[in-house]
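Trainee: Next comes the structure file upload_12.txt, holding compact mmCIF, C-alpha atoms.
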```
# COMPACT_ATOMS: atom_id res chain seq x y z
CA ARG A 553 -4.39 -9.80 16.76
CA GLU A 554 -7.02 -12.49 17.24
CA THR A 555 -9.82 -9.91 17.01
CA VAL A 556 -8.31 -8.35 13.88
CA GLU A 557 -7.96 -11.78 12.29
CA ALA A 558 -11.53 -12.80 13.14
CA GLU A 559 -12.97 -9.50 11.90
CA THR A 560 -10.91 -9.69 8.71
CA ARG A 561 -12.07 -13.24 8.01
CA ALA A 562 -15.68 -12.21 8.63
CA ALA A 563 -15.43 -9.23 6.26
CA ILE A 564 -13.82 -11.39 3.56
CA GLY A 565 -16.57 -13.97 3.99
CA LEU A 566 -19.29 -11.34 3.58
CA ALA A 567 -17.62 -10.00 0.44
CA HIS A 568 -17.31 -13.50 -1.02
CA GLU A 569 -20.97 -14.24 -0.21
CA ARG A 570 -21.86 -11.23 -2.37
CA GLY A 571 -19.70 -12.47 -5.24
CA LEU A 572 -16.94 -9.91 -4.75
CA ALA A 573 -13.24 -10.46 -5.25
CA VAL A 574 -11.17 -9.20 -2.33
CA LEU A 575 -7.98 -7.17 -2.15
CA LEU A 576 -6.64 -7.37 1.39
CA LYS A 577 -4.92 -4.06 2.11
CA PRO A 578 -3.69 -3.82 5.70
CA HIS A 579 -2.99 -0.28 6.90
CA LEU A 580 -0.45 0.85 9.46
CA TRP A 581 -2.26 3.27 11.78
CA LEU A 582 -0.28 5.60 14.04
CA GLU A 583 -1.36 6.26 17.61
CA ASP A 584 -0.59 9.96 17.39
CA ARG A 585 -2.08 10.65 13.96
CA ASP A 586 -4.31 13.36 15.45
CA SER A 587 -1.14 15.44 15.85
CA GLY A 588 -0.54 15.28 12.11
CA ALA A 589 1.65 12.16 12.13
CA TRP A 590 1.39 10.18 8.92
CA ARG A 591 2.50 6.64 8.12
CA GLY A 592 4.49 7.97 5.17
CA ASP A 593 6.88 9.55 7.68
CA VAL A 594 7.63 6.24 9.45
CA ASP A 595 11.37 5.67 9.14
CA PRO A 596 12.89 3.71 12.03
CA SER A 597 16.45 4.49 13.04
CA GLU A 598 19.20 2.04 12.11
CA GLU A 599 19.06 0.82 15.69
CA ASP A 600 15.29 0.24 15.59
CA TRP A 601 15.13 -1.06 12.02
CA PRO A 602 15.79 -4.78 12.70
CA ALA A 603 12.94 -5.02 15.22
CA TRP A 604 10.56 -2.92 13.11
CA ARG A 605 11.42 -4.96 10.01
CA ALA A 606 10.85 -8.28 11.78
CA GLU A 607 7.53 -7.21 13.30
CA TYR A 608 6.19 -5.78 10.02
CA ARG A 609 7.36 -8.86 8.10
CA ASP A 610 5.72 -11.23 10.58
CA ALA A 611 2.46 -9.27 10.48
CA MET A 612 2.40 -9.18 6.67
CA LEU A 613 3.20 -12.89 6.37
CA GLY A 614 0.34 -13.53 8.80
CA PHE A 615 -1.97 -11.56 6.51
CA ALA A 616 -0.60 -13.48 3.52
CA ARG A 617 -1.44 -16.82 5.16
CA LEU A 618 -4.90 -15.55 6.11
CA ALA A 619 -5.44 -14.29 2.56
CA ALA A 620 -4.43 -17.68 1.15
CA GLU A 621 -6.72 -19.55 3.54
CA GLU A 622 -9.64 -17.27 2.66
CA SER A 623 -9.03 -17.36 -1.13
CA VAL A 624 -8.43 -13.64 -1.37
CA ALA A 625 -7.64 -12.40 -4.88
CA GLY A 626 -4.87 -10.00 -3.96
CA LEU A 627 -2.74 -8.63 -1.13
CA SER A 628 -1.17 -5.22 -0.73
CA ILE A 629 2.10 -5.55 1.20
CA GLY A 630 2.03 -1.93 2.32
CA SER A 631 0.24 1.37 2.02
CA GLU A 632 1.76 4.84 1.76
CA LEU A 633 4.97 4.07 3.64
CA SER A 634 6.79 6.67 1.54
CA ASP A 635 9.96 7.11 3.58
CA LEU A 636 10.44 3.35 3.86
CA THR A 637 9.94 2.69 0.16
CA ALA A 638 12.49 5.38 -0.63
CA SER A 639 15.13 4.21 1.85
CA ARG A 640 14.53 0.45 2.07
CA SER A 641 13.58 -0.85 -1.37
CA GLU A 642 15.46 -4.12 -0.77
CA PHE A 643 13.12 -4.84 2.14
CA TRP A 644 10.06 -4.63 -0.15
CA VAL A 645 11.64 -6.95 -2.72
CA GLU A 646 12.41 -9.51 0.01
CA LEU A 647 8.93 -9.14 1.53
CA ALA A 648 7.20 -9.62 -1.83
CA THR A 649 9.25 -12.78 -2.41
CA GLU A 650 8.36 -14.17 1.03
CA VAL A 651 4.67 -13.31 0.61
CA ARG A 652 4.57 -15.14 -2.74
CA ALA A 653 5.84 -18.29 -1.00
CA VAL A 654 2.61 -18.49 1.05
CA PHE A 655 0.06 -16.52 -1.00
CA PRO A 656 -0.97 -17.56 -4.53
CA GLY A 657 -2.91 -14.41 -5.45
CA PHE A 658 -1.65 -11.17 -6.90
CA VAL A 659 0.70 -8.98 -4.87
CA THR A 660 0.77 -5.19 -4.97
CA TYR A 661 1.73 -2.16 -2.90
CA ALA A 662 -0.51 0.92 -2.41
CA ALA A 663 1.67 3.96 -3.06
CA ASN A 664 0.82 7.50 -2.08
CA TRP A 665 -0.33 9.57 -5.04
CA ASP A 666 1.88 12.61 -4.57
CA GLN A 667 5.06 11.50 -2.85
CA GLU A 668 5.74 7.97 -3.82
CA PHE A 669 4.22 6.16 -6.80
CA ASP A 670 6.59 7.57 -9.40
CA ARG A 671 9.81 6.91 -7.47
CA ILE A 672 9.30 3.32 -6.29
CA THR A 673 11.98 1.03 -7.72
CA PHE A 674 10.47 -2.34 -6.77
CA TRP A 675 7.35 -2.21 -8.99
CA PRO A 676 8.78 -4.91 -11.31
CA VAL A 677 8.62 -7.57 -8.55
CA LEU A 678 4.90 -6.91 -7.99
CA ASP A 679 1.93 -7.90 -10.13
CA TYR A 680 0.29 -4.48 -10.16
CA ILE A 681 1.17 -0.87 -9.48
CA GLY A 682 -1.14 0.29 -6.73
CA VAL A 683 -1.82 3.98 -6.15
CA ASP A 684 -3.96 5.56 -3.46
CA ALA A 685 -5.23 8.12 -5.96
CA PHE A 686 -6.36 11.15 -3.98
CA TRP A 687 -5.27 13.76 -6.52
CA PRO A 688 -7.08 17.06 -6.09
CA LEU A 689 -9.07 18.02 -9.16
CA VAL A 690 -9.15 21.73 -8.29
CA ASP A 691 -6.49 24.04 -6.87
CA SER A 692 -8.49 25.56 -4.03
CA ALA A 693 -11.50 24.79 -1.87
CA ASP A 694 -13.59 27.52 -3.49
CA ALA A 695 -12.70 26.60 -7.08
CA ARG A 696 -15.45 25.25 -9.28
CA LEU A 697 -14.84 22.00 -11.13
CA ASP A 698 -15.93 22.08 -14.74
CA ASP A 699 -15.56 19.53 -17.53
CA ALA A 700 -12.60 21.27 -19.20
CA GLY A 701 -10.68 21.65 -15.94
CA CYS A 702 -11.40 18.07 -14.93
CA ASP A 703 -10.32 16.77 -18.34
CA ALA A 704 -7.08 18.75 -18.18
CA ARG A 705 -6.25 17.65 -14.64
CA MET A 706 -7.13 14.02 -15.34
CA GLY A 707 -5.05 14.10 -18.52
CA SER A 708 -2.00 15.14 -16.52
CA ILE A 709 -2.64 12.43 -13.95
CA ARG A 710 -3.07 9.79 -16.66
CA GLU A 711 0.21 10.85 -18.27
CA GLY A 712 2.08 10.43 -14.98
CA LEU A 713 0.57 7.01 -14.38
CA ALA A 714 1.25 5.92 -17.96
CA ALA A 715 4.90 6.99 -17.66
CA VAL A 716 5.40 4.84 -14.56
CA ALA A 717 3.59 1.90 -16.18
CA ALA A 718 5.74 2.15 -19.30
CA ARG A 719 8.96 2.49 -17.30
CA THR A 720 8.19 -0.58 -15.20
CA ASP A 721 6.56 -2.67 -17.94
```
Can I see the file as structure tokens?

Mentor:
Amino acid sequence: RETVEAETRAAIGLAHERGLAVLLKPHLWLEDRDSGAWRGDVDPSEEDWPAWRAEYRDAMLGFARLAAEESVAGLSIGSELSDLTASRSEFWVELATEVRAVFPGFVTYAANWDQEFDRITFWPVLDYIGVDAFWPLVDSADARLDDAGCDARMGSIREGLAAVAARTD
């Protein structure tokens, strides 16, 4: 953790030297992701949940303290943890509350574009809706993107985002 903290502080410092505002967005990386594992599938058993919850909470509060010390503009309390946001929304509400106690900047969560952003129930306790927006703009690898197709696809995406924004105020 010391190396991660030092490298994170250094990167924040370089961004600030260049006049940039910083959003600190820690990612949970899986050891076996080469086998197709994805963080969105992380869903500890009831038996494992207390330990997982405590470790994630401690790590995120550590990032919140670091972000406060380094005058970071915002902090994402998670990224694409789709199964956990669906099954443990109370955890995210509690975590956001605890993070706010040590971090004065804005708090968000980075939802997955296709499996998560429109079903999260805890958006109202955050400052911003965050979406990792990797929507495909064409339906196949050999399809050609033209202005009309892009406008149509983007219009549909905008409508979905606007609906979530309106629903969550």

Trainee: Report the closest atom pair, with its distance in Å rounded to one decimal, for each residue of region 611-679 of chain A that has an atom no farther than 10 Å from region 555-579 of chain A; count only C-alpha atoms, sort by chain and then rising residue number, and write it as a Markdown table.

Mentor:
```
| residue | atom | partner | partner_atom | distance |
| --- | --- | --- | --- | --- |
| A:Ala611 | CA | A:Pro578 | CA | 9.5 |
| A:Met612 | CA | A:Pro578 | CA | 8.2 |
| A:Gly614 | CA | A:Glu557 | CA | 9.2 |
| A:Phe615 | CA | A:Pro578 | CA | 8.0 |
| A:Ala616 | CA | A:Leu576 | CA | 8.9 |
| A:Leu618 | CA | A:Arg561 | CA | 7.8 |
| A:Ala619 | CA | A:Leu576 | CA | 7.1 |
| A:Glu621 | CA | A:Arg561 | CA | 9.4 |
| A:Glu622 | CA | A:Arg561 | CA | 7.1 |
| A:Ser623 | CA | A:Val574 | CA | 8.5 |
| A:Val624 | CA | A:Val574 | CA | 5.3 |
| A:Ala625 | CA | A:Val574 | CA | 5.4 |
| A:Gly626 | CA | A:Leu575 | CA | 4.6 |
| A:Leu627 | CA | A:Leu576 | CA | 4.8 |
| A:Ser628 | CA | A:Lys577 | CA | 4.8 |
| A:Ile629 | CA | A:Lys577 | CA | 7.2 |
| A:Gly630 | CA | A:Pro578 | CA | 6.9 |
| A:Ser631 | CA | A:His579 | CA | 6.1 |
| A:Glu632 | CA | A:His579 | CA | 8.7 |
| A:Leu633 | CA | A:His579 | CA | 9.6 |
| A:Gly657 | CA | A:Leu575 | CA | 9.4 |
| A:Phe658 | CA | A:Leu575 | CA | 8.9 |
| A:Val659 | CA | A:Leu575 | CA | 9.3 |
| A:Thr660 | CA | A:Lys577 | CA | 9.2 |
| A:Tyr661 | CA | A:Lys577 | CA | 8.5 |
| A:Ala662 | CA | A:Lys577 | CA | 8.0 |
```

Trainee: Could you jot down the CA of Pro688 (chain A) to CA of Trp644 (chain A) separation for me, Å, one decimal place?

Mentor: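 Atom-to-atom, CA of Pro688 (chain A) to CA of Trp644 (chain A), that is 28.3 Å.
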
Trainee: Tell me, as number ranges by chain, which residues lie within 12 Å of Arg719 (chain A), counting only C-alpha atoms; anything in the same chain fewer than 6 positions away does not count.

Mentor: A: 670-676, 681, 712-713

Trainee: Mind giving me the straight-line distance from CA of Leu636 (chain A) to CA of Glu554 (chain A) in Å, one decimal?

Mentor: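 Taking CA of Leu636 (chain A) as the start and CA of Glu554 (chain A) as the end point, the length is 27.1 Å.
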
Trainee: Which of these residues is nearest to Gln667 (chain A), using all atoms listed in the file: A:Glu711, A:Asp684, A:Asp691, A:Asp679?

Mentor: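 Closest residue, counting all atoms listed in the file: A:Asp684.
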
Trainee: With all atoms listed in the file as the atoms that count, which of A:Asp593, A:Val716, A:Tyr680, A:Leu580 lies nearest to Glu607 (chain A)?

Mentor: A:Leu580

Trainee: Interatomic distance between CA of Arg710 (chain A) and CA of Phe643 (chain A)?

Mentor: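 Taking CA of Arg710 (chain A) as the start and CA of Phe643 (chain A) as the end point, the length is 28.8 Å.
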
Trainee: Pick out the closest residue to Asp635 (chain A) from this set: A:Ala603, A:Val594, A:Cys702, A:Val654. Count only C-alpha atoms.

Mentor: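 Of A:Ala603, A:Val594, A:Cys702, A:Val654, the one nearest Asp635 (chain A) is A:Val594, counting only C-alpha atoms.
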
Trainee: Determine the nearest neighbour of Asn664 (chain A) from the options A:Ser587, A:Ser692, A:Ser634, A:Ser641, counting all atoms listed in the file.

Mentor: A:Ser634

Trainee: Using all atoms listed in the file, which of the listed residues (A:Arg591, A:Arg696, A:Arg617, A:Arg609) sits closest to Glu646 (chain A)?

Mentor: A:Arg609

Trainee: Check the smallest atom-to-atom distance from each of A:Leu689, A:Asp698, A:Arg705, A:Leu613 to Thr649 (chain A) using all atoms listed in the file, then report the winner.

Mentor: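 So, comparing all the options, the nearest one is A:Leu613.
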